[in-house]
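Novice: Can you keep this structure in mind? I'll have questions shortly.
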Amino acid sequence: MSTASRPYPIVQDLIESFANWLKHRREMNEMRQLDRADFDRIAQDLRIAPDDLEELVRHGKHAADELLKMLEQLGISADRLGRAQPLLLRDMERVCSLCNHKGQCDRDLADGTAAENYHGYCANASTLESLDRADVAPR
């Protein structure tokens with residue numbers, strides 16, 4: 001439903017935000033109910049540190065949204081990268097999710113200047129630079 005067709009778009013947005021917050025709180029509570037051994041086993045299965053898993057859950061499912069936008073601005077197909085190097089893409093998502101420079105990244109992505117500026121703050125910069133653009137460019 002577009003903003004123009006909703007009778008009270010601001011109220012609807014607030015309701016959706018609150019619903020998303022509640023859902024995230026439930027997910028956090030479910031995670032906290034796991035005993036430490038189960039939690040550590042899940043982290044091991046995912047091949048990440050338990051502390052990173054806890055932080056990733058805390059940040060929520062949209063914590064790496066900037067990565068997809070960054071890849072797009074750099075002319076890299078996330079789909080092709082995911083097919084060619086799925087573990088690399090997953091690690092890049094983890095790094096993006098844990099990033100402390102979201103504000104700068106979001107501003108540059110919105111301004112369309114991320115491709116020129118990401119080197120200065122992006123923890124994935126060296127990985128992005130090392131990608132063979134021919135293998136991951138959109139077709």
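Chain labels follow the order of the structure tokens: the first chain is A, the next B, and so on; residue numbering restarts at 1 in every chain, and ligands are counted from 1 in their shown order.
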Quick one: DSSP helix (DSSP H, G or I) residues in range 47-129 of chain A, as a PyMOL selection string?
Specialist: chain A and resi 50-59+65-73+78-84+86-97+102-111+114-120+125-129
Novice: For range 98-112 of chain A, find every residue with an atom within 12 Å (counting only C-alpha atoms), except residues of its own chain fewer than 4 positions away, and show them as a VMD selection string.
Specialist: chain A and resid 51 to 74 91 to 94 116 to 125
Novice: Mind checking which residues fall within 9 Å of Pro50 in chain A, counting only C-alpha atoms, ignoring those fewer than 6 positions away in the same chain, and posting them as a list in words?
Specialist: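 After dropping sequence-adjacent residues, the list is Phe39, Asp40, Arg41, Ile42, Ala43 and Gln44 of chain A.
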Novice: Quick one: pull the distance between CA of Gly75 in chain A and CA of Ser97 in chain A, Å, one decimal.
Specialist: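 Here the two named atoms are 20.8 Å from each other.
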Novice: To one decimal place in Å, what is the distance between CA of Thr113 in chain A and CA of Ala84 in chain A?
Specialist: 26.8 Å
Novice: Hey, which of A:Ile48, A:Ala37, A:Ile10, A:Leu81 ends up closest to Leu128 in chain A? Count only C-alpha atoms.
Specialist: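 Among the listed residues, A:Leu81 lies closest to Leu128 in chain A.
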Novice: What is the CA of Ala49 in chain A-CA of Arg36 in chain A distance in Å, reported with one decimal?
Specialist: 12.8 Å
